[in-house]
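Engineer: Dropping in query_14.txt, which is compact mmCIF, C-alpha atoms:
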# COMPACT_ATOMS: atom_id res chain seq x y z
CA MET Z 5 -14.16 35.63 -31.77
CA SER Z 6 -16.31 33.44 -34.03
CA LYS Z 7 -18.50 30.73 -32.51
CA GLY Z 8 -15.93 28.16 -33.67
CA ASP Z 9 -13.15 29.94 -31.78
CA ASP Z 10 -15.36 30.15 -28.73
CA THR Z 11 -16.02 26.40 -28.78
CA ARG Z 12 -12.35 25.63 -29.32
CA SER Z 13 -11.40 27.89 -26.44
CA HIS Z 14 -13.94 26.17 -24.16
CA ILE Z 15 -12.58 22.74 -25.17
CA LEU Z 16 -8.99 23.85 -24.56
CA ARG Z 17 -9.85 25.14 -21.09
CA ARG Z 18 -11.34 21.73 -20.16
CA ALA Z 19 -8.39 19.99 -21.79
CA LEU Z 20 -6.01 22.08 -19.68
CA ASP Z 21 -7.77 21.12 -16.45
CA LEU Z 22 -7.70 17.47 -17.50
CA THR Z 23 -3.98 17.71 -18.29
CA SER Z 24 -3.20 19.31 -14.97
CA GLU Z 25 -4.71 16.22 -13.32
CA VAL Z 26 -3.65 13.30 -15.54
CA GLY Z 27 -0.71 14.67 -17.53
CA PHE Z 28 -0.30 15.06 -21.27
CA GLU Z 29 -0.20 11.35 -22.04
CA GLY Z 30 -3.59 10.95 -20.37
CA LEU Z 31 -5.00 13.69 -22.61
CA THR Z 32 -6.54 11.80 -25.53
CA ILE Z 33 -9.20 12.81 -28.04
CA GLY Z 34 -11.40 9.99 -26.66
CA VAL Z 35 -11.24 11.06 -22.99
CA LEU Z 36 -11.65 14.73 -23.90
CA ALA Z 37 -14.67 13.98 -26.12
CA LYS Z 38 -16.47 12.41 -23.14
CA LEU Z 39 -15.55 15.34 -20.91
CA VAL Z 40 -16.92 18.01 -23.25
CA ARG Z 41 -19.81 15.78 -24.48
CA MET Z 42 -18.83 15.93 -28.12
CA SER Z 43 -18.20 13.18 -30.63
CA LYS Z 44 -14.61 12.26 -31.43
CA SER Z 45 -15.18 13.31 -35.04
CA GLY Z 46 -16.48 16.67 -33.72
CA LEU Z 47 -13.18 17.13 -31.88
CA TYR Z 48 -11.15 16.19 -34.94
CA ALA Z 49 -12.67 19.27 -36.59
CA HIS Z 50 -10.65 21.34 -34.08
CA PHE Z 51 -7.55 19.18 -33.60
CA GLU Z 52 -5.82 17.23 -36.33
CA SER Z 53 -4.26 14.66 -34.04
CA LYS Z 54 -3.44 13.91 -30.40
CA GLU Z 55 -0.12 15.68 -30.89
CA ASP Z 56 -1.84 18.76 -32.34
CA LEU Z 57 -4.18 18.75 -29.34
CA GLN Z 58 -1.21 18.52 -26.94
CA ARG Z 59 0.52 21.40 -28.68
CA GLN Z 60 -2.60 23.56 -28.59
CA VAL Z 61 -3.10 22.81 -24.89
CA LEU Z 62 0.48 23.91 -24.22
CA GLU Z 63 -0.21 27.15 -26.10
CA HIS Z 64 -3.47 27.66 -24.23
CA ALA Z 65 -1.68 27.03 -20.91
CA ALA Z 66 0.95 29.61 -21.82
CA ASP Z 67 -1.72 32.20 -22.75
CA HIS Z 68 -3.48 31.53 -19.45
CA PHE Z 69 -0.15 31.81 -17.59
CA VAL Z 70 0.56 35.15 -19.24
CA ASP Z 71 -2.91 36.41 -18.23
CA VAL Z 72 -2.88 35.39 -14.57
CA VAL Z 73 0.85 35.67 -13.79
CA VAL Z 74 2.85 37.84 -16.19
CA ARG Z 75 0.29 40.59 -16.99
CA LYS Z 76 -0.65 41.04 -13.35
CA ALA Z 77 3.01 41.22 -12.32
CA ILE Z 78 3.75 43.76 -15.04
CA ALA Z 79 0.94 45.95 -13.68
CA GLU Z 80 3.10 46.42 -10.55
CA PRO Z 81 5.80 49.11 -10.38
CA ARG Z 82 9.14 48.29 -12.05
CA GLY Z 83 11.84 46.62 -9.99
CA LEU Z 84 11.41 44.76 -6.71
CA PRO Z 85 7.57 45.05 -6.50
CA ARG Z 86 7.30 43.45 -9.94
CA VAL Z 87 9.72 40.63 -9.06
CA ARG Z 88 7.73 39.94 -5.89
CA ALA Z 89 4.42 39.95 -7.77
CA LEU Z 90 5.82 37.54 -10.35
CA TYR Z 91 6.78 35.16 -7.55
CA GLN Z 92 3.45 35.40 -5.71
CA ARG Z 93 1.24 35.04 -8.77
CA TRP Z 94 3.33 32.14 -9.94
CA LEU Z 95 3.03 30.26 -6.64
CA ASP Z 96 -0.74 30.55 -6.92
CA TRP Z 97 -0.60 29.39 -10.51
CA THR Z 98 1.14 26.13 -9.56
CA THR Z 99 -1.31 25.22 -6.81
CA VAL Z 100 -4.53 27.29 -6.86
CA GLU Z 101 -5.28 28.38 -10.42
CA LEU Z 102 -5.77 24.91 -11.92
CA SER Z 103 -7.61 21.84 -10.69
CA GLY Z 104 -4.43 19.74 -10.68
CA GLY Z 105 -0.74 20.65 -10.66
CA CYS Z 106 1.26 22.85 -13.02
CA PRO Z 107 0.93 21.49 -16.58
CA PHE Z 108 4.42 22.75 -17.48
CA PHE Z 109 6.09 20.76 -14.69
CA ALA Z 110 4.14 17.67 -15.81
CA ALA Z 111 5.07 18.20 -19.45
CA ALA Z 112 8.72 18.73 -18.51
CA ILE Z 113 8.89 15.26 -16.97
CA GLU Z 114 6.81 13.60 -19.69
CA TYR Z 115 8.74 15.04 -22.63
CA ASP Z 116 12.35 15.18 -21.45
CA ASP Z 117 13.08 11.89 -23.25
CA ARG Z 118 10.66 12.35 -26.17
CA PRO Z 119 11.93 14.40 -29.11
CA GLY Z 120 9.29 15.98 -31.35
CA PRO Z 121 7.19 19.11 -31.87
CA VAL Z 122 5.52 19.02 -28.42
CA ARG Z 123 8.90 18.92 -26.69
CA ASP Z 124 10.25 21.69 -28.98
CA LYS Z 125 7.27 23.89 -28.17
CA LEU Z 126 7.68 23.27 -24.45
CA VAL Z 127 11.41 24.05 -24.47
CA ALA Z 128 10.79 27.31 -26.36
CA GLN Z 129 8.13 28.30 -23.80
CA GLN Z 130 10.43 27.49 -20.89
CA HIS Z 131 13.24 29.61 -22.30
CA GLU Z 132 10.78 32.46 -22.72
CA VAL Z 133 9.44 32.29 -19.18
CA LEU Z 134 12.96 32.09 -17.71
CA GLU Z 135 13.84 35.14 -19.79
CA THR Z 136 10.78 36.92 -18.34
CA VAL Z 137 12.20 36.36 -14.84
CA ALA Z 138 15.71 37.40 -15.87
CA ARG Z 139 14.32 40.56 -17.51
CA ALA Z 140 12.39 41.48 -14.35
CA ALA Z 141 15.62 41.01 -12.38
CA ARG Z 142 17.58 43.23 -14.81
CA ILE Z 143 14.95 45.97 -14.45
CA ALA Z 144 15.31 45.69 -10.66
CA VAL Z 145 19.06 46.21 -11.12
CA ASP Z 146 18.39 49.29 -13.30
CA ALA Z 147 15.97 50.59 -10.66
CA GLY Z 148 18.71 50.23 -8.04
CA HIS Z 149 16.73 47.59 -6.10
CA PHE Z 150 19.25 44.80 -6.77
CA HIS Z 151 23.04 45.19 -6.78
CA ALA Z 152 24.65 46.07 -10.09
CA ALA Z 153 26.71 42.87 -10.34
CA LEU Z 154 23.67 40.58 -10.20
CA ASP Z 155 23.72 37.64 -12.64
CA ALA Z 156 20.10 37.82 -13.84
CA GLU Z 157 20.15 34.35 -15.41
CA GLN Z 158 21.41 32.84 -12.17
CA PHE Z 159 18.61 34.70 -10.40
CA ALA Z 160 16.12 33.09 -12.82
CA PHE Z 161 17.57 29.61 -12.14
CA GLU Z 162 17.17 30.03 -8.39
CA PHE Z 163 13.72 31.61 -8.72
CA TRP Z 164 12.63 28.62 -10.81
CA ALA Z 165 14.16 26.19 -8.29
CA ILE Z 166 12.01 27.61 -5.48
CA LEU Z 167 8.83 27.27 -7.53
CA GLN Z 168 9.58 23.68 -8.47
CA ALA Z 169 10.34 22.70 -4.87
CA TYR Z 170 7.21 24.52 -3.65
CA HIS Z 171 5.09 22.55 -6.12
CA HIS Z 172 6.65 19.30 -4.87
CA PHE Z 173 6.20 20.13 -1.17
CA ALA Z 174 2.66 21.47 -1.59
CA ARG Z 175 1.24 18.89 -3.98
CA LEU Z 176 2.98 15.57 -3.53
CA LEU Z 177 4.07 15.91 0.09
CA GLN Z 178 1.08 18.04 1.16
CA ARG Z 179 3.40 19.79 3.60
CA ALA Z 180 1.73 22.51 5.66
CA ASP Z 181 5.01 24.45 5.67
CA ALA Z 182 5.41 24.46 1.85
CA ARG Z 183 4.46 28.11 1.48
CA SER Z 184 6.58 29.38 4.38
CA ARG Z 185 9.59 27.32 3.19
CA ALA Z 186 9.24 28.81 -0.30
CA ASP Z 187 8.83 32.34 1.11
CA GLN Z 188 11.95 31.98 3.28
CA ALA Z 189 13.94 30.73 0.29
CA PHE Z 190 12.65 33.64 -1.80
CA ASP Z 191 13.56 36.19 0.91
CA SER Z 192 17.03 34.72 0.98
CA LEU Z 193 17.28 34.95 -2.83
CA LEU Z 194 16.23 38.62 -2.66
CA ARG Z 195 18.76 39.33 0.10
CA ASN Z 196 21.55 37.71 -1.93
CA ALA Z 197 20.47 39.90 -4.87
CA GLY Z 198 21.02 42.95 -2.70
CA ALA Z 199 17.33 43.83 -2.12
CA THR Z 200 16.88 46.28 0.68
CA MET G 182 20.67 -14.52 -2.57
CA SER G 183 18.76 -17.42 -4.10
CA LYS G 184 18.50 -17.73 -7.89
CA GLY G 185 14.91 -16.41 -7.63
CA ASP G 186 16.11 -13.26 -5.83
CA ASP G 187 18.83 -12.85 -8.42
CA THR G 188 16.32 -12.99 -11.29
CA ARG G 189 13.97 -10.60 -9.52
CA SER G 190 16.80 -8.18 -8.90
CA HIS G 191 17.83 -8.31 -12.59
CA ILE G 192 14.21 -7.68 -13.66
CA LEU G 193 13.90 -4.75 -11.23
CA ARG G 194 17.08 -3.16 -12.55
CA ARG G 195 15.72 -3.30 -16.12
CA ALA G 196 12.34 -2.05 -14.89
CA LEU G 197 14.04 0.91 -13.20
CA ASP G 198 15.84 1.89 -16.41
CA LEU G 199 12.57 1.60 -18.32
CA THR G 200 10.79 3.76 -15.73
CA SER G 201 13.47 6.42 -15.84
CA GLU G 202 12.72 6.73 -19.58
CA VAL G 203 8.94 6.31 -19.86
CA GLY G 204 7.67 6.98 -16.34
CA PHE G 205 5.73 4.72 -14.01
CA GLU G 206 2.56 4.64 -16.08
CA GLY G 207 4.55 3.34 -19.04
CA LEU G 208 5.91 0.52 -16.86
CA THR G 209 3.57 -2.39 -17.55
CA ILE G 210 4.00 -6.14 -17.07
CA GLY G 211 3.61 -6.53 -20.86
CA VAL G 212 6.32 -4.05 -21.87
CA LEU G 213 8.66 -5.32 -19.18
CA ALA G 214 8.14 -8.95 -20.24
CA LYS G 215 9.35 -8.09 -23.76
CA LEU G 216 12.34 -6.20 -22.38
CA VAL G 217 13.57 -9.06 -20.15
CA ARG G 218 12.45 -11.76 -22.63
CA MET G 219 10.16 -13.54 -20.23
CA SER G 220 6.51 -14.50 -20.51
CA LYS G 221 3.95 -12.32 -18.75
CA SER G 222 3.00 -15.30 -16.57
CA GLY G 223 6.67 -15.69 -15.65
CA LEU G 224 6.69 -12.07 -14.47
CA TYR G 225 3.50 -12.56 -12.46
CA ALA G 226 5.45 -15.10 -10.39
CA HIS G 227 7.52 -12.13 -9.14
CA PHE G 228 4.93 -9.32 -9.14
CA GLU G 229 1.30 -9.72 -8.16
CA SER G 230 0.05 -6.75 -10.18
CA LYS G 231 1.16 -3.63 -12.02
CA GLU G 232 0.84 -1.71 -8.76
CA ASP G 233 2.98 -4.26 -6.91
CA LEU G 234 5.58 -3.94 -9.68
CA GLN G 235 5.52 -0.13 -9.39
CA ARG G 236 5.96 -0.32 -5.63
CA GLN G 237 8.87 -2.77 -5.93
CA VAL G 238 10.55 -0.56 -8.55
CA LEU G 239 10.28 2.41 -6.17
CA GLU G 240 11.90 0.30 -3.42
CA HIS G 241 14.60 -0.86 -5.80
CA ALA G 242 15.24 2.75 -6.88
CA ALA G 243 15.55 3.79 -3.24
CA ASP G 244 18.02 0.95 -2.51
CA HIS G 245 20.05 1.97 -5.56
CA PHE G 246 19.93 5.64 -4.47
CA VAL G 247 21.19 4.70 -0.99
CA ASP G 248 24.07 2.70 -2.56
CA VAL G 249 25.30 5.31 -5.03
CA VAL G 250 24.44 8.53 -3.18
CA VAL G 251 23.90 8.15 0.57
CA ARG G 252 26.51 5.45 1.42
CA LYS G 253 29.21 7.18 -0.61
CA ALA G 254 28.42 10.53 1.02
CA ILE G 255 28.49 8.98 4.50
CA ALA G 256 31.97 7.64 3.74
CA GLU G 257 33.17 11.28 3.71
CA PRO G 258 34.14 13.10 6.93
CA ARG G 259 31.25 14.48 9.02
CA GLY G 260 30.07 18.02 8.38
CA LEU G 261 30.67 20.11 5.28
CA PRO G 262 32.55 17.43 3.26
CA ARG G 263 29.62 15.06 3.72
CA VAL G 264 27.05 17.71 2.72
CA ARG G 265 29.09 18.47 -0.41
CA ALA G 266 29.41 14.77 -1.29
CA LEU G 267 25.66 14.29 -0.88
CA TYR G 268 25.07 17.12 -3.35
CA GLN G 269 27.61 15.93 -5.90
CA ARG G 270 26.57 12.27 -5.86
CA TRP G 271 22.94 13.30 -6.10
CA LEU G 272 23.51 15.50 -9.16
CA ASP G 273 25.11 12.53 -10.88
CA TRP G 274 22.22 10.30 -9.83
CA THR G 275 19.67 12.55 -11.54
CA THR G 276 21.51 12.71 -14.85
CA VAL G 277 24.29 10.12 -15.19
CA GLU G 278 23.44 7.05 -13.12
CA LEU G 279 20.27 6.05 -14.99
CA SER G 280 19.47 5.84 -18.68
CA GLY G 281 16.63 8.40 -18.35
CA GLY G 282 15.83 11.00 -15.71
CA CYS G 283 15.32 10.64 -11.97
CA PRO G 284 12.50 8.13 -11.32
CA PHE G 285 11.51 9.95 -8.11
CA PHE G 286 10.91 13.25 -9.91
CA ALA G 287 8.83 11.39 -12.51
CA ALA G 288 6.83 9.55 -9.85
CA ALA G 289 6.27 12.81 -7.94
CA ILE G 290 4.50 14.32 -10.96
CA GLU G 291 2.65 11.12 -11.88
CA TYR G 292 1.29 10.40 -8.41
CA ASP G 293 0.58 13.83 -6.91
CA ASP G 294 -3.10 13.47 -7.85
CA ARG G 295 -3.38 9.68 -7.43
CA PRO G 296 -4.00 8.42 -3.89
CA GLY G 297 -3.02 4.83 -3.16
CA PRO G 298 -0.16 2.63 -1.95
CA VAL G 299 2.34 3.75 -4.64
CA ARG G 300 1.84 7.40 -3.69
CA ASP G 301 2.07 6.56 0.05
CA LYS G 302 5.33 4.70 -0.50
CA LEU G 303 6.76 7.58 -2.54
CA VAL G 304 5.80 10.20 0.05
CA ALA G 305 7.39 8.15 2.85
CA GLN G 306 10.60 7.83 0.79
CA GLN G 307 10.66 11.56 0.07
CA HIS G 308 10.30 12.45 3.75
CA GLU G 309 13.15 10.08 4.52
CA VAL G 310 15.50 11.52 1.92
CA LEU G 311 14.75 15.10 3.00
CA GLU G 312 15.48 14.03 6.57
CA THR G 313 18.81 12.59 5.36
CA VAL G 314 19.75 16.05 4.04
CA ALA G 315 18.52 17.81 7.20
CA ARG G 316 20.50 15.37 9.36
CA ALA G 317 23.68 16.00 7.36
CA ALA G 318 23.11 19.75 7.84
CA ARG G 319 22.62 19.31 11.63
CA ILE G 320 25.87 17.34 11.83
CA ALA G 321 27.60 20.20 9.98
CA VAL G 322 26.21 22.58 12.62
CA ASP G 323 27.54 20.31 15.40
CA ALA G 324 30.91 20.20 13.65
CA GLY G 325 30.98 24.00 13.61
CA HIS G 326 30.92 24.14 9.81
CA PHE G 327 27.47 25.80 9.63
CA HIS G 328 26.22 28.51 11.97
CA ALA G 329 24.38 27.37 15.09
CA ALA G 330 21.07 29.03 14.19
CA LEU G 331 20.71 27.14 10.90
CA ASP G 332 17.20 25.82 10.16
CA ALA G 333 18.15 22.35 8.89
CA GLU G 334 14.73 21.68 7.33
CA GLN G 335 14.88 24.94 5.42
CA PHE G 336 18.36 23.90 4.25
CA ALA G 337 16.86 20.61 3.00
CA PHE G 338 14.11 22.47 1.10
CA GLU G 339 16.64 24.69 -0.68
CA PHE G 340 19.01 21.77 -1.35
CA TRP G 341 16.12 19.87 -2.93
CA ALA G 342 15.10 22.92 -4.98
CA ILE G 343 18.55 23.12 -6.59
CA LEU G 344 18.47 19.43 -7.54
CA GLN G 345 15.03 19.71 -9.09
CA ALA G 346 15.98 22.78 -11.11
CA TYR G 347 19.25 21.15 -12.20
CA HIS G 348 17.32 18.12 -13.46
CA HIS G 349 15.00 20.44 -15.42
CA PHE G 350 17.81 22.52 -16.94
CA ALA G 351 20.00 19.52 -17.77
CA ARG G 352 17.38 17.12 -19.10
CA LEU G 353 14.49 19.04 -20.63
CA LEU G 354 16.29 22.25 -21.58
CA GLN G 355 19.66 20.56 -22.32
CA ARG G 356 21.32 23.74 -21.06
CA ALA G 357 25.10 23.63 -21.16
CA ASP G 358 25.22 25.84 -18.05
CA ALA G 359 22.96 23.55 -15.94
CA ARG G 360 25.82 22.24 -13.82
CA SER G 361 27.47 25.61 -13.21
CA ARG G 362 24.09 27.22 -12.37
CA ALA G 363 23.41 24.47 -9.84
CA ASP G 364 26.92 24.77 -8.39
CA GLN G 365 26.59 28.55 -7.98
CA ALA G 366 23.22 28.10 -6.26
CA PHE G 367 24.72 25.46 -3.98
CA ASP G 368 27.70 27.69 -3.09
CA SER G 369 25.26 30.42 -2.22
CA LEU G 370 23.24 28.01 -0.04
CA LEU G 371 26.43 26.99 1.78
CA ARG G 372 27.46 30.64 2.27
CA ASN G 373 24.02 31.47 3.72
CA ALA G 374 24.44 28.48 6.06
CA GLY G 375 27.65 30.03 7.33
CA ALA G 376 30.09 27.65 5.64
CA THR G 377 33.62 28.96 5.64
Would you put the structure from the file into structure tokens?

Structural biologist:
Amino acid sequence: MSKGDDTRSHILRRALDLTSEVGFEGLTIGVLAKLVRMSKSGLYAHFESKEDLQRQVLEHAADHFVDVVVRKAIAEPRGLPRVRALYQRWLDWTTVELSGGCPFFAAAIEYDDRPGPVRDKLVAQQHEVLETVARAARIAVDAGHFHAALDAEQFAFEFWAILQAYHHFARLLQRADARSRADQAFDSLLRNAGAT
Amino acid sequence: MSKGDDTRSHILRRALDLTSEVGFEGLTIGVLAKLVRMSKSGLYAHFESKEDLQRQVLEHAADHFVDVVVRKAIAEPRGLPRVRALYQRWLDWTTVELSGGCPFFAAAIEYDDRPGPVRDKLVAQQHEVLETVARAARIAVDAGHFHAALDAEQFAFEFWAILQAYHHFARLLQRADARSRADQAFDSLLRNAGAT
């Protein structure tokens, strides 16, 4: 990496933390400049516009997600252990890994009514991550850990549902039972999938 | 209702639609004044501050939710029919009833890191609505429609999870299968609860 890439990567990491606390609309070149102690014109050397910054933060968040969730899950054995690891790493991602909440959940709410390149990027990322879950479920079917008739896309929907509800219970409601509720729901999802 | 109440109620209805599209942070006295064609000072006669406006919109949203979801569900026979009605009315609430998405999901993301009276109000409302689901599940147990060992709060968590995921699939992802995915997940939740 060149020094320029290094600086950009440092800025994006701070921008991601900021976004996880105040959302994408709160992420402006001005606020970010103060946070990283650079001039606004210095930041414009890295990001063409607010929208470009938002898009790059989404990409950075996805790279970070792949590092701390997907890669670590894929290091586990194929099938059920990998599905479980995906779930556990992901739970930590939504509540422990970042200073605020999950930036993807925030972006989903902020952009559902706003057409444009940021929304398009987000939707593409979401389809990809749901496909990652469905693929892990299909591998578990191939490994004989889930029953052969499993609908892997339905599995991904329900997997996603648990993560979203966990985020809500843990962050907004600050419920002490958030984790155990999510775990019970996940056990039930695994049972329905035929896990033994 | 006095004429003043009538005006306030009209303003709140417009404010709720605006919020469902742009979120609570986009709901300002200035933007709302333009929308309802009143002066800002005219609006300040009804709302002391932006925060007071946000709190009143949350209350108005909850009243509206009770009217179109809870009351209609309670009109159904006790037990399983009522649980089903609660689910169906609620799905419509998140995607059909308002011009944008569910204002509670938006507020949940916007306020999870912002302590204060708006967040407190929202959290109290969320506990209440989750208790409404748990109560409906307990009544279904009493009616013999669900098995006696059902954990009603766990049922409420999983019920909530399906609604959140449905909202995400239907609104952000615009997935044509959002409704059928949610329905399959709900059928599975009912089966696990022992519904016959």

Engineer: So which one's closest to Z:His151, Z:Pro107, Z:Gly198, Z:Gly34, Z:Pro119? Using all atoms listed in the file, please.

Structural biologist: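 Looking at the shortest contact to Z:His151, the residue is Z:Gly198.
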
Engineer: Do you know which residues are at most 12 Å from stretch 66-78 of chain Z counting all atoms listed in the file, after dropping those on the same chain fewer than 3 positions away, and could you put them as a ChimeraX atom specification?

Structural biologist: /Z:13,16-17,20-21,59-63,81-98,100-102,106-108,125-126,128-130,132-137,139-140,143

Engineer: Would you please work out which residue, of G:Leu354, G:Arg360, G:Ala196, G:Ala374, is nearest to Z:His131 when using all atoms listed in the file?

Structural biologist: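 Smallest separation from Z:His131 among the options: G:Leu354.
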
Engineer: Can you work out which one of Z:Leu193, Z:Phe173, Z:His50, Z:Gln58 has the shortest atom-to-atom distance to Z:Asp9, counting only C-alpha atoms?

Structural biologist: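 Counting only C-alpha atoms, the residue closest to Z:Asp9 is Z:His50.
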
Engineer: Taking only C-alpha atoms into account, produce a table as a Markdown table in which each residue of chain G with an atom at most 6 Å from an atom of chain Z appears once, together with its shortest atom pair and the distance in Å to one decimal, ordered by chain and rising number.

Structural biologist:
| residue | atom | partner | partner_atom | distance |
| --- | --- | --- | --- | --- |
| G:Ala287 | CA | Z:Ile113 | CA | 5.9 |
| G:Ile290 | CA | Z:Ala110 | CA | 5.9 |
| G:Asp293 | CA | Z:Leu176 | CA | 4.5 |
| G:Val304 | CA | Z:Leu177 | CA | 6.0 |
| G:Ala342 | CA | Z:Ala165 | CA | 4.7 |
| G:Ile343 | CA | Z:Ala165 | CA | 5.6 |
| G:Ala346 | CA | Z:Ala165 | CA | 4.8 |
| G:Arg352 | CA | Z:Asp116 | CA | 5.9 |
| G:Leu353 | CA | Z:Asp116 | CA | 4.5 |
| G:Leu354 | CA | Z:Val127 | CA | 6.0 |
